[in-house]
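Have a look at final19.cif below; it lists mmCIF, C-alpha atoms.
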```cif
data_target
#
loop_
_atom_site.label_atom_id
_atom_site.label_comp_id
_atom_site.auth_asym_id
_atom_site.auth_seq_id
_atom_site.Cartn_x
_atom_site.Cartn_y
_atom_site.Cartn_z
CA MET A 29 -271.09 125.89 -73.51
CA GLU A 30 -269.97 128.67 -71.22
CA ASN A 31 -272.28 127.47 -68.45
CA ARG A 32 -271.07 123.92 -68.76
CA GLN A 33 -267.46 125.03 -68.84
CA GLY A 34 -268.11 127.14 -65.78
CA GLU A 35 -269.57 124.13 -64.00
CA ILE A 36 -266.50 122.06 -64.83
CA VAL A 37 -264.09 124.75 -63.68
CA GLY A 38 -266.13 125.27 -60.52
CA GLY A 39 -266.06 121.53 -59.89
CA ASP A 40 -262.26 121.46 -60.26
CA VAL A 41 -261.92 124.25 -57.71
CA GLU A 42 -264.20 122.36 -55.32
CA TRP A 43 -262.27 119.09 -55.59
CA ASN A 44 -258.95 120.91 -55.18
CA LYS A 45 -260.29 122.32 -51.93
CA VAL A 46 -261.42 118.84 -50.88
CA ARG A 47 -257.84 117.60 -51.32
CA LEU A 48 -256.49 120.47 -49.25
CA MET A 49 -259.12 119.84 -46.61
CA ARG A 50 -258.23 116.15 -46.48
CA ALA A 51 -254.56 116.90 -45.92
CA PHE A 52 -255.46 119.12 -42.97
CA VAL A 53 -258.06 116.92 -41.25
CA GLU A 54 -256.00 113.75 -41.60
CA GLY A 55 -253.18 115.54 -39.82
CA GLU A 56 -255.55 116.46 -37.00
CA ASP A 57 -257.46 113.19 -36.69
CA PRO A 58 -256.30 109.91 -38.30
CA ALA A 59 -259.93 108.71 -38.34
CA SER A 60 -260.46 111.14 -41.23
CA LYS A 61 -258.69 108.65 -43.50
CA ASP A 62 -261.75 106.40 -43.32
CA VAL A 63 -264.04 109.11 -44.75
CA ASP A 64 -264.45 109.45 -48.51
CA ASP A 65 -264.12 112.66 -50.51
CA LEU A 66 -267.89 112.97 -50.99
CA MET A 67 -268.35 113.31 -47.24
CA LEU A 68 -265.65 115.97 -47.03
CA ARG A 69 -267.29 117.81 -49.90
CA ILE A 70 -270.59 117.89 -48.00
CA PHE A 71 -268.95 119.71 -45.10
CA LEU A 72 -267.05 121.98 -47.47
CA ARG A 73 -270.28 123.04 -49.17
CA ALA A 74 -271.92 123.56 -45.80
CA ARG A 75 -269.30 126.22 -45.05
CA ASP A 76 -269.38 127.86 -48.50
CA LEU A 77 -266.07 126.24 -49.55
CA ASP A 78 -264.15 127.78 -46.64
CA ILE A 79 -261.54 125.10 -45.91
CA GLU A 80 -260.77 126.19 -42.36
CA LYS A 81 -264.40 126.45 -41.27
CA ALA A 82 -265.32 123.20 -43.04
CA SER A 83 -262.39 121.35 -41.46
CA ASN A 84 -263.29 122.54 -37.96
CA MET A 85 -266.91 121.52 -38.52
CA PHE A 86 -265.89 118.10 -39.80
CA LEU A 87 -263.46 117.41 -36.94
CA LYS A 88 -266.20 118.28 -34.42
CA TYR A 89 -268.47 115.88 -36.29
CA LEU A 90 -265.94 113.05 -35.96
CA LYS A 91 -265.74 113.55 -32.19
CA TRP A 92 -269.53 113.71 -31.96
CA LYS A 93 -269.92 110.54 -34.03
CA GLY A 94 -267.44 108.65 -31.86
CA ALA A 95 -269.47 109.55 -28.79
CA ILE A 96 -273.02 109.06 -30.10
CA LEU A 97 -272.32 106.15 -32.47
CA PRO A 98 -269.57 104.08 -30.80
CA ASN A 99 -270.89 100.94 -32.51
CA GLY A 100 -271.56 102.70 -35.80
CA PHE A 101 -275.35 102.66 -35.37
CA ILE A 102 -278.21 103.33 -32.95
CA SER A 103 -279.84 100.14 -31.75
CA GLU A 104 -283.63 100.00 -31.71
CA LEU A 105 -283.29 98.82 -28.11
CA GLU A 106 -281.95 102.30 -27.29
CA ILE A 107 -285.08 104.10 -28.54
CA PRO A 108 -288.08 101.91 -27.58
CA ASN A 109 -290.37 104.73 -26.49
CA GLN A 110 -289.76 106.81 -29.59
CA LEU A 111 -290.35 103.85 -31.92
CA SER A 112 -293.55 102.92 -30.07
CA GLU A 113 -295.13 106.23 -31.13
CA LYS A 114 -295.01 105.08 -34.79
CA LYS A 115 -294.44 108.60 -36.05
CA MET A 116 -291.66 108.10 -38.62
CA PHE A 117 -291.86 106.30 -41.94
CA LEU A 118 -289.38 105.78 -44.75
CA GLN A 119 -289.98 104.61 -48.29
CA GLY A 120 -289.57 105.58 -51.92
CA PHE A 121 -287.53 108.14 -53.83
CA ASP A 122 -288.29 111.46 -55.45
CA LYS A 123 -287.57 112.26 -59.09
CA LYS A 124 -283.96 113.15 -58.29
CA GLY A 125 -283.30 109.96 -56.35
CA HIS A 126 -283.63 111.49 -52.89
CA SER A 127 -284.99 109.09 -50.28
CA ILE A 128 -288.31 110.09 -48.71
CA GLY A 129 -289.15 110.25 -45.01
CA VAL A 130 -292.60 110.98 -43.58
CA VAL A 131 -293.06 112.20 -40.01
CA PHE A 132 -296.31 112.80 -38.13
CA GLY A 133 -295.87 115.64 -35.64
CA ALA A 134 -299.08 114.93 -33.71
CA LYS A 135 -297.81 111.46 -32.74
CA HIS A 136 -294.92 112.95 -30.77
CA ARG A 137 -295.62 112.86 -27.02
CA ALA A 138 -293.77 115.97 -25.92
CA TYR A 139 -294.89 115.90 -22.29
CA ASN A 140 -293.12 112.68 -21.29
CA ARG A 141 -290.30 112.25 -23.77
CA ASP A 142 -286.74 111.69 -22.59
CA LEU A 143 -284.55 114.24 -24.40
CA GLU A 144 -281.51 111.96 -24.69
CA GLU A 145 -283.60 109.14 -26.14
CA PHE A 146 -285.21 111.61 -28.53
CA LYS A 147 -281.79 112.77 -29.72
CA ARG A 148 -280.75 109.15 -30.30
CA PHE A 149 -283.97 108.70 -32.27
CA VAL A 150 -283.14 111.71 -34.45
CA VAL A 151 -279.72 110.22 -35.20
CA TYR A 152 -281.35 106.86 -35.94
CA ILE A 153 -283.68 108.57 -38.45
CA LEU A 154 -280.91 110.53 -40.15
CA GLU A 155 -278.65 107.48 -40.39
CA LYS A 156 -281.50 105.51 -41.97
CA LEU A 157 -282.30 108.28 -44.44
CA CYS A 158 -278.66 108.63 -45.47
CA ALA A 159 -278.15 104.87 -45.75
CA SER A 160 -281.22 104.54 -47.99
CA THR A 161 -279.97 107.03 -50.58
CA PRO A 162 -278.70 105.45 -53.83
CA SER A 163 -275.00 105.38 -54.60
CA GLY A 164 -273.75 108.82 -55.56
CA GLN A 165 -276.77 110.52 -54.00
CA GLU A 166 -276.37 112.59 -50.83
CA LYS A 167 -279.73 114.11 -49.98
CA PHE A 168 -283.17 113.16 -48.70
CA ILE A 169 -286.54 114.87 -48.46
CA VAL A 170 -289.01 114.90 -45.59
CA ILE A 171 -292.77 115.29 -45.53
CA ALA A 172 -293.71 116.68 -42.12
CA ASP A 173 -297.43 116.07 -41.61
CA LEU A 174 -298.83 118.28 -38.85
CA GLN A 175 -302.43 117.14 -39.04
CA GLY A 176 -303.87 117.32 -35.50
CA TRP A 177 -300.81 119.08 -34.06
CA GLY A 178 -301.55 121.18 -30.98
CA LEU A 179 -299.75 122.81 -28.09
CA SER A 180 -299.62 119.47 -26.26
CA HIS A 181 -297.31 118.24 -29.04
CA CYS A 182 -295.08 121.31 -28.95
CA ASP A 183 -291.50 120.43 -28.00
CA ILE A 184 -289.21 123.42 -28.56
CA ARG A 185 -286.24 121.81 -26.80
CA GLY A 186 -286.68 118.70 -28.89
CA TYR A 187 -287.01 120.66 -32.14
CA LEU A 188 -283.88 122.69 -31.40
CA ALA A 189 -281.94 119.55 -30.48
CA ALA A 190 -282.99 117.87 -33.75
CA LEU A 191 -282.08 120.99 -35.72
CA ASP A 192 -278.66 121.13 -34.06
CA ILE A 193 -277.96 117.49 -34.96
CA LEU A 194 -279.11 117.99 -38.55
CA GLN A 195 -277.21 121.19 -39.23
CA ASN A 196 -273.94 120.34 -37.49
CA ASN A 197 -273.61 116.63 -38.22
CA TYR A 198 -275.67 116.01 -41.37
CA PRO A 199 -275.16 119.29 -43.26
CA GLU A 200 -276.29 119.58 -46.87
CA ARG A 201 -278.29 116.34 -46.54
CA LEU A 202 -281.76 117.84 -46.44
CA ALA A 203 -282.97 118.62 -49.96
CA LYS A 204 -286.50 119.72 -49.02
CA ALA A 205 -288.88 119.55 -46.09
CA PHE A 206 -292.55 119.80 -47.03
CA LEU A 207 -294.69 121.03 -44.11
CA ILE A 208 -298.27 119.94 -44.74
CA HIS A 209 -301.60 120.19 -42.90
CA VAL A 210 -300.06 122.99 -40.85
CA PRO A 211 -302.43 124.37 -38.19
CA TYR A 212 -302.26 128.07 -37.37
CA VAL A 213 -301.16 127.34 -33.79
CA PHE A 214 -297.97 125.71 -35.10
CA MET A 215 -296.71 129.08 -36.31
CA THR A 216 -296.08 130.07 -32.69
CA ALA A 217 -293.53 127.29 -32.38
CA TRP A 218 -292.16 128.01 -35.85
CA LYS A 219 -291.41 131.64 -34.96
CA ILE A 220 -289.34 130.45 -31.99
CA VAL A 221 -287.38 127.84 -33.96
CA TYR A 222 -286.90 129.79 -37.21
CA PRO A 223 -284.05 132.07 -36.02
CA PHE A 224 -281.97 128.97 -35.20
CA ILE A 225 -282.18 127.61 -38.75
CA ASP A 226 -279.10 128.46 -40.83
CA LYS A 227 -279.47 130.36 -44.08
CA ASN A 228 -278.80 127.33 -46.29
CA THR A 229 -281.45 125.27 -44.53
CA LYS A 230 -284.20 127.91 -44.26
CA LYS A 231 -284.88 127.89 -47.99
CA ARG A 232 -285.49 124.14 -47.93
CA PHE A 233 -288.61 124.32 -45.77
CA ILE A 234 -291.75 124.54 -47.90
CA PHE A 235 -295.21 125.19 -46.46
CA VAL A 236 -297.84 123.50 -48.63
CA GLU A 237 -301.49 124.56 -48.75
CA LYS A 238 -303.97 121.71 -48.36
CA LYS A 239 -305.70 122.48 -51.67
CA ASN A 240 -302.36 122.19 -53.50
CA LEU A 241 -301.01 119.21 -51.57
CA LYS A 242 -301.01 116.44 -54.17
CA THR A 243 -300.11 118.78 -57.03
CA THR A 244 -297.14 120.17 -55.11
CA LEU A 245 -295.82 116.78 -54.03
CA LEU A 246 -296.19 115.36 -57.55
CA GLN A 247 -293.85 118.05 -58.83
CA ASP A 248 -291.04 116.28 -56.97
CA ILE A 249 -292.36 112.74 -56.48
CA ASP A 250 -293.80 110.34 -59.06
CA GLU A 251 -297.21 108.92 -58.18
CA SER A 252 -295.66 105.44 -57.92
CA GLN A 253 -293.37 106.72 -55.13
CA LEU A 254 -295.82 109.03 -53.38
CA PRO A 255 -297.32 107.72 -50.10
CA ASP A 256 -300.83 106.39 -50.69
CA ILE A 257 -302.30 108.61 -47.97
CA TYR A 258 -301.46 111.60 -50.19
CA GLY A 259 -302.95 110.11 -53.35
CA GLY A 260 -299.96 108.05 -54.43
CA LYS A 261 -299.43 104.31 -54.68
CA LEU A 262 -296.81 103.52 -52.06
CA PRO A 263 -297.91 102.25 -48.63
CA LEU A 264 -296.25 103.80 -45.60
CA VAL A 265 -293.50 101.69 -44.04
CA PRO A 266 -292.43 102.26 -40.39
CA ILE A 267 -288.79 103.36 -40.33
CA GLN A 268 -287.74 100.36 -38.24
CA ASP A 269 -289.09 98.06 -40.96
CA SER A 270 -287.56 99.92 -43.88
#
```

Go ahead and render the structure in this file as structure tokens.
Amino acid sequence: MENRQGEIVGGDVEWNKVRLMRAFVEGEDPASKDVDDLMLRIFLRARDLDIEKASNMFLKYLKWKGAILPNGFISELEIPNQLSEKKMFLQGFDKKGHSIGVVFGAKHRAYNRDLEEFKRFVVYILEKLCASTPSGQEKFIVIADLQGWGLSHCDIRGYLAALDILQNNYPERLAKAFLIHVPYVFMTAWKIVYPFIDKNTKKRFIFVEKKNLKTTLLQDIDESQLPDIYGGKLPLVPIQDS
């Protein structure tokens, strides 16, 4: 009873802060009126319920969105090279209703990618993942398959750009990221990127041993929703076809 009461009280405090945050951001940018309270709450949680920090983060997000998504979406015509690599798939939901994305790191051609197109591709992915979540759900999970990854696939600038977009513009959206089939050489890149991951996001990356792969994934994903290449029953669907 005490725990539940505490949750209710905590929730009231959170929503009161959302209302205060709304009053501030709407005064700064009228476009804030088009954003629902759930979105404001996401940014508030990302800044540990600090209204000033959350408001500043959200207002920066609105400016970013106006620049990167002037039409409200990324057209597939804007990311032809990234889509041609067929490295991102989207289908199914985990046991909590989070949408599931699967990315193959060894299909990324780091040596000839255009950084601006890659950033548009990252936004395209995140918009798709968010749009696929059921009503009332805010998060998604990612399975990052690094089978065959080598130094020729290493793209530190790209990884940092993707991380920046995720953390600053889609905060509190990532529920978990399972890193699977991780080769030892990948840890060199991981050590470079890790310091740039914020404290709330670091704990959501999970390295999975090959021998425990299916067992670990089944803890979060029903077999009917697990990709068939990992022992489940759901075929992979390219993100552009999802």

Between CA of Tyr212 in chain A and CA of Glu237 in chain A, distance in Å (one decimal):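 Atom-to-atom, CA of Tyr212 in chain A and CA of Glu237 in chain A are spaced 11.9 Å apart.
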
Run the PyMOL selection byres ((chain A and resi 159) around 12) mentally over the shown coordinates, then write out the matched residues as a count of residues only, using the chain letters and numbers from the document. 24

Length of the CA of Ala190 in chain A to CA of Glu145 in chain A vector [Å]: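 Atom-to-atom, CA of Ala190 in chain A and CA of Glu145 in chain A are spaced 11.6 Å apart.
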
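You can rank A:Phe214, A:Tyr258, A:Phe117, A:Phe71 by their closest distance to Leu90 in chain A using only C-alpha atoms, and at the top of that list sits A:Phe71.
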
Identify the residues around (-264.2, 111.6, -44.4) within a radius of 10 Å, measuring from only C-alpha atoms in the coordinates stated by the file, and give them as a ChimeraX atom specification. /A:49-50,53-54,59-71,86-87,90

The residues within 12 Å of (-273.8, 110.9, -28.3), using all atoms listed in the file and the coordinates of the file, should be reported as a PyMOL selection string; which are they? chain A and resi 89-102+106+143-152+193+197

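Among the candidates A:Gln268, A:Gly178, A:Leu188, A:Lys123, the one nearest to Leu246 in chain A when counting only C-alpha atoms is A:Lys123.
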
Measuring between only C-alpha atoms, which one of A:Leu111, A:Ala203, A:Leu77, A:Ala51 shows the shortest distance to Gly39 in chain A?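 Result for the nearest residue to Gly39 in chain A: A:Leu77.
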
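Counting from CA of Ile225 in chain A, the distance to CA of Gln175 in chain A is 22.8 Å.
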
Taking all atoms of range 104-111 of chain A that appear in the file, build a box with edges along x, y and z, extend it by 8 Å on every side, and state its centre and edge lengths in Å to one decimal, as lines of an AutoDock Vina configuration file.
```
center_x = -286.2
center_y = 102.8
center_z = -29.2
size_x = 24.4
size_y = 24.0
size_z = 21.4
```

Chain and number of each residue from the PyMOL selection byres ((chain A and resi 230) around 12), as a list in words: Leu191, Gln195, Glu200, Leu202, Ala203, Lys204, Ala205, Phe206, Trp218, Val221, Tyr222, Pro223, Phe224, Ile225, Asp226, Lys227, Asn228, Thr229, Lys231, Arg232, Phe233, Ile234 and Phe235 of chain A

Given all atoms listed in the file as the basis, pick out the residue of A:Gly260, A:Pro255, A:Gly129, A:Pro266 nearest to Ser112 in chain A. A:Pro266

Measuring atom to atom with only C-alpha atoms, identify which of A:Met85, A:Ala138, A:Leu179, A:Val131 is nearest to Pro211 in chain A.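 Smallest distance to Pro211 in chain A is found for A:Leu179.
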
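Compared by their closest atoms to Glu80 in chain A, and using all atoms listed in the file, the residues A:Ser252, A:Ile107, A:Val46, A:Leu264 rank with A:Val46 nearest.
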
Near Glu251 in chain A, counting only C-alpha atoms, which residues have an atom at most 12 Å away, once you skip same-chain residues fewer than 4 positions from it, shown as a count of residues only? 19

Atoms added to range 150-171 of chain A (N, CA, C and O atoms), reported as a PDB file, in the frame of the given file:
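And here's result25.pdb as it stands now:
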```pdb
ATOM      1  N   VAL A 150    -283.422 110.820 -33.329  1.00  0.00           N
ATOM      2  CA  VAL A 150    -283.140 111.710 -34.450  1.00  0.00           C
ATOM      3  C   VAL A 150    -281.941 111.190 -35.241  1.00  0.00           C
ATOM      4  O   VAL A 150    -281.954 111.147 -36.478  1.00  0.00           O
ATOM      5  N   VAL A 151    -280.906 110.777 -34.528  1.00  0.00           N
ATOM      6  CA  VAL A 151    -279.720 110.220 -35.200  1.00  0.00           C
ATOM      7  C   VAL A 151    -280.085 108.940 -35.941  1.00  0.00           C
ATOM      8  O   VAL A 151    -279.641 108.721 -37.077  1.00  0.00           O
ATOM      9  N   TYR A 152    -280.880 108.106 -35.298  1.00  0.00           N
ATOM     10  CA  TYR A 152    -281.350 106.860 -35.940  1.00  0.00           C
ATOM     11  C   TYR A 152    -282.063 107.172 -37.251  1.00  0.00           C
ATOM     12  O   TYR A 152    -281.805 106.533 -38.282  1.00  0.00           O
ATOM     13  N   ILE A 153    -282.947 108.170 -37.236  1.00  0.00           N
ATOM     14  CA  ILE A 153    -283.680 108.570 -38.450  1.00  0.00           C
ATOM     15  C   ILE A 153    -282.720 109.050 -39.527  1.00  0.00           C
ATOM     16  O   ILE A 153    -282.785 108.612 -40.684  1.00  0.00           O
ATOM     17  N   LEU A 154    -281.814 109.949 -39.168  1.00  0.00           N
ATOM     18  CA  LEU A 154    -280.910 110.530 -40.150  1.00  0.00           C
ATOM     19  C   LEU A 154    -279.963 109.490 -40.725  1.00  0.00           C
ATOM     20  O   LEU A 154    -279.647 109.515 -41.921  1.00  0.00           O
ATOM     21  N   GLU A 155    -279.515 108.562 -39.891  1.00  0.00           N
ATOM     22  CA  GLU A 155    -278.650 107.480 -40.390  1.00  0.00           C
ATOM     23  C   GLU A 155    -279.415 106.607 -41.376  1.00  0.00           C
ATOM     24  O   GLU A 155    -278.876 106.198 -42.405  1.00  0.00           O
ATOM     25  N   LYS A 156    -280.668 106.314 -41.079  1.00  0.00           N
ATOM     26  CA  LYS A 156    -281.500 105.510 -41.970  1.00  0.00           C
ATOM     27  C   LYS A 156    -281.741 106.216 -43.300  1.00  0.00           C
ATOM     28  O   LYS A 156    -281.661 105.608 -44.383  1.00  0.00           O
ATOM     29  N   LEU A 157    -282.052 107.503 -43.224  1.00  0.00           N
ATOM     30  CA  LEU A 157    -282.300 108.280 -44.440  1.00  0.00           C
ATOM     31  C   LEU A 157    -281.054 108.322 -45.318  1.00  0.00           C
ATOM     32  O   LEU A 157    -281.127 108.145 -46.533  1.00  0.00           O
ATOM     33  N   CYS A 158    -279.908 108.563 -44.712  1.00  0.00           N
ATOM     34  CA  CYS A 158    -278.660 108.630 -45.470  1.00  0.00           C
ATOM     35  C   CYS A 158    -278.295 107.267 -46.068  1.00  0.00           C
ATOM     36  O   CYS A 158    -277.839 107.184 -47.209  1.00  0.00           O
ATOM     37  N   ALA A 159    -278.503 106.215 -45.278  1.00  0.00           N
ATOM     38  CA  ALA A 159    -278.150 104.870 -45.750  1.00  0.00           C
ATOM     39  C   ALA A 159    -279.053 104.416 -46.895  1.00  0.00           C
ATOM     40  O   ALA A 159    -278.658 103.591 -47.717  1.00  0.00           O
ATOM     41  N   SER A 160    -280.266 104.962 -46.955  1.00  0.00           N
ATOM     42  CA  SER A 160    -281.220 104.540 -47.990  1.00  0.00           C
ATOM     43  C   SER A 160    -281.021 105.261 -49.315  1.00  0.00           C
ATOM     44  O   SER A 160    -281.636 104.905 -50.320  1.00  0.00           O
ATOM     45  N   THR A 161    -280.185 106.294 -49.334  1.00  0.00           N
ATOM     46  CA  THR A 161    -279.970 107.030 -50.580  1.00  0.00           C
ATOM     47  C   THR A 161    -279.152 106.183 -51.539  1.00  0.00           C
ATOM     48  O   THR A 161    -278.227 105.481 -51.132  1.00  0.00           O
ATOM     49  N   PRO A 162    -279.453 106.227 -52.836  1.00  0.00           N
ATOM     50  CA  PRO A 162    -278.700 105.450 -53.830  1.00  0.00           C
ATOM     51  C   PRO A 162    -277.253 105.896 -53.900  1.00  0.00           C
ATOM     52  O   PRO A 162    -276.898 107.005 -53.475  1.00  0.00           O
ATOM     53  N   SER A 163    -276.419 105.057 -54.439  1.00  0.00           N
ATOM     54  CA  SER A 163    -275.000 105.380 -54.600  1.00  0.00           C
ATOM     55  C   SER A 163    -274.821 106.666 -55.389  1.00  0.00           C
ATOM     56  O   SER A 163    -275.445 106.854 -56.433  1.00  0.00           O
ATOM     57  N   GLY A 164    -273.995 107.559 -54.883  1.00  0.00           N
ATOM     58  CA  GLY A 164    -273.750 108.820 -55.560  1.00  0.00           C
ATOM     59  C   GLY A 164    -274.731 109.920 -55.180  1.00  0.00           C
ATOM     60  O   GLY A 164    -274.539 111.078 -55.538  1.00  0.00           O
ATOM     61  N   GLN A 165    -275.779 109.548 -54.444  1.00  0.00           N
ATOM     62  CA  GLN A 165    -276.770 110.520 -54.000  1.00  0.00           C
ATOM     63  C   GLN A 165    -276.485 110.884 -52.545  1.00  0.00           C
ATOM     64  O   GLN A 165    -276.041 110.038 -51.770  1.00  0.00           O
ATOM     65  N   GLU A 166    -276.734 112.132 -52.167  1.00  0.00           N
ATOM     66  CA  GLU A 166    -276.370 112.590 -50.830  1.00  0.00           C
ATOM     67  C   GLU A 166    -277.549 113.089 -50.013  1.00  0.00           C
ATOM     68  O   GLU A 166    -277.457 113.190 -48.792  1.00  0.00           O
ATOM     69  N   LYS A 167    -278.651 113.402 -50.657  1.00  0.00           N
ATOM     70  CA  LYS A 167    -279.730 114.110 -49.980  1.00  0.00           C
ATOM     71  C   LYS A 167    -280.990 113.275 -49.789  1.00  0.00           C
ATOM     72  O   LYS A 167    -281.161 112.244 -50.436  1.00  0.00           O
ATOM     73  N   PHE A 168    -281.858 113.758 -48.930  1.00  0.00           N
ATOM     74  CA  PHE A 168    -283.170 113.160 -48.700  1.00  0.00           C
ATOM     75  C   PHE A 168    -284.195 114.274 -48.580  1.00  0.00           C
ATOM     76  O   PHE A 168    -283.848 115.441 -48.388  1.00  0.00           O
ATOM     77  N   ILE A 169    -285.464 113.910 -48.702  1.00  0.00           N
ATOM     78  CA  ILE A 169    -286.540 114.870 -48.460  1.00  0.00           C
ATOM     79  C   ILE A 169    -287.429 114.343 -47.337  1.00  0.00           C
ATOM     80  O   ILE A 169    -287.450 113.141 -47.058  1.00  0.00           O
ATOM     81  N   VAL A 170    -288.120 115.258 -46.697  1.00  0.00           N
ATOM     82  CA  VAL A 170    -289.010 114.900 -45.590  1.00  0.00           C
ATOM     83  C   VAL A 170    -290.368 115.536 -45.812  1.00  0.00           C
ATOM     84  O   VAL A 170    -290.459 116.705 -46.206  1.00  0.00           O
ATOM     85  N   ILE A 171    -291.410 114.758 -45.571  1.00  0.00           N
ATOM     86  CA  ILE A 171    -292.770 115.290 -45.530  1.00  0.00           C
ATOM     87  C   ILE A 171    -293.167 115.318 -44.068  1.00  0.00           C
ATOM     88  O   ILE A 171    -293.285 114.277 -43.416  1.00  0.00           O
TER      89      ILE A 171
END
```
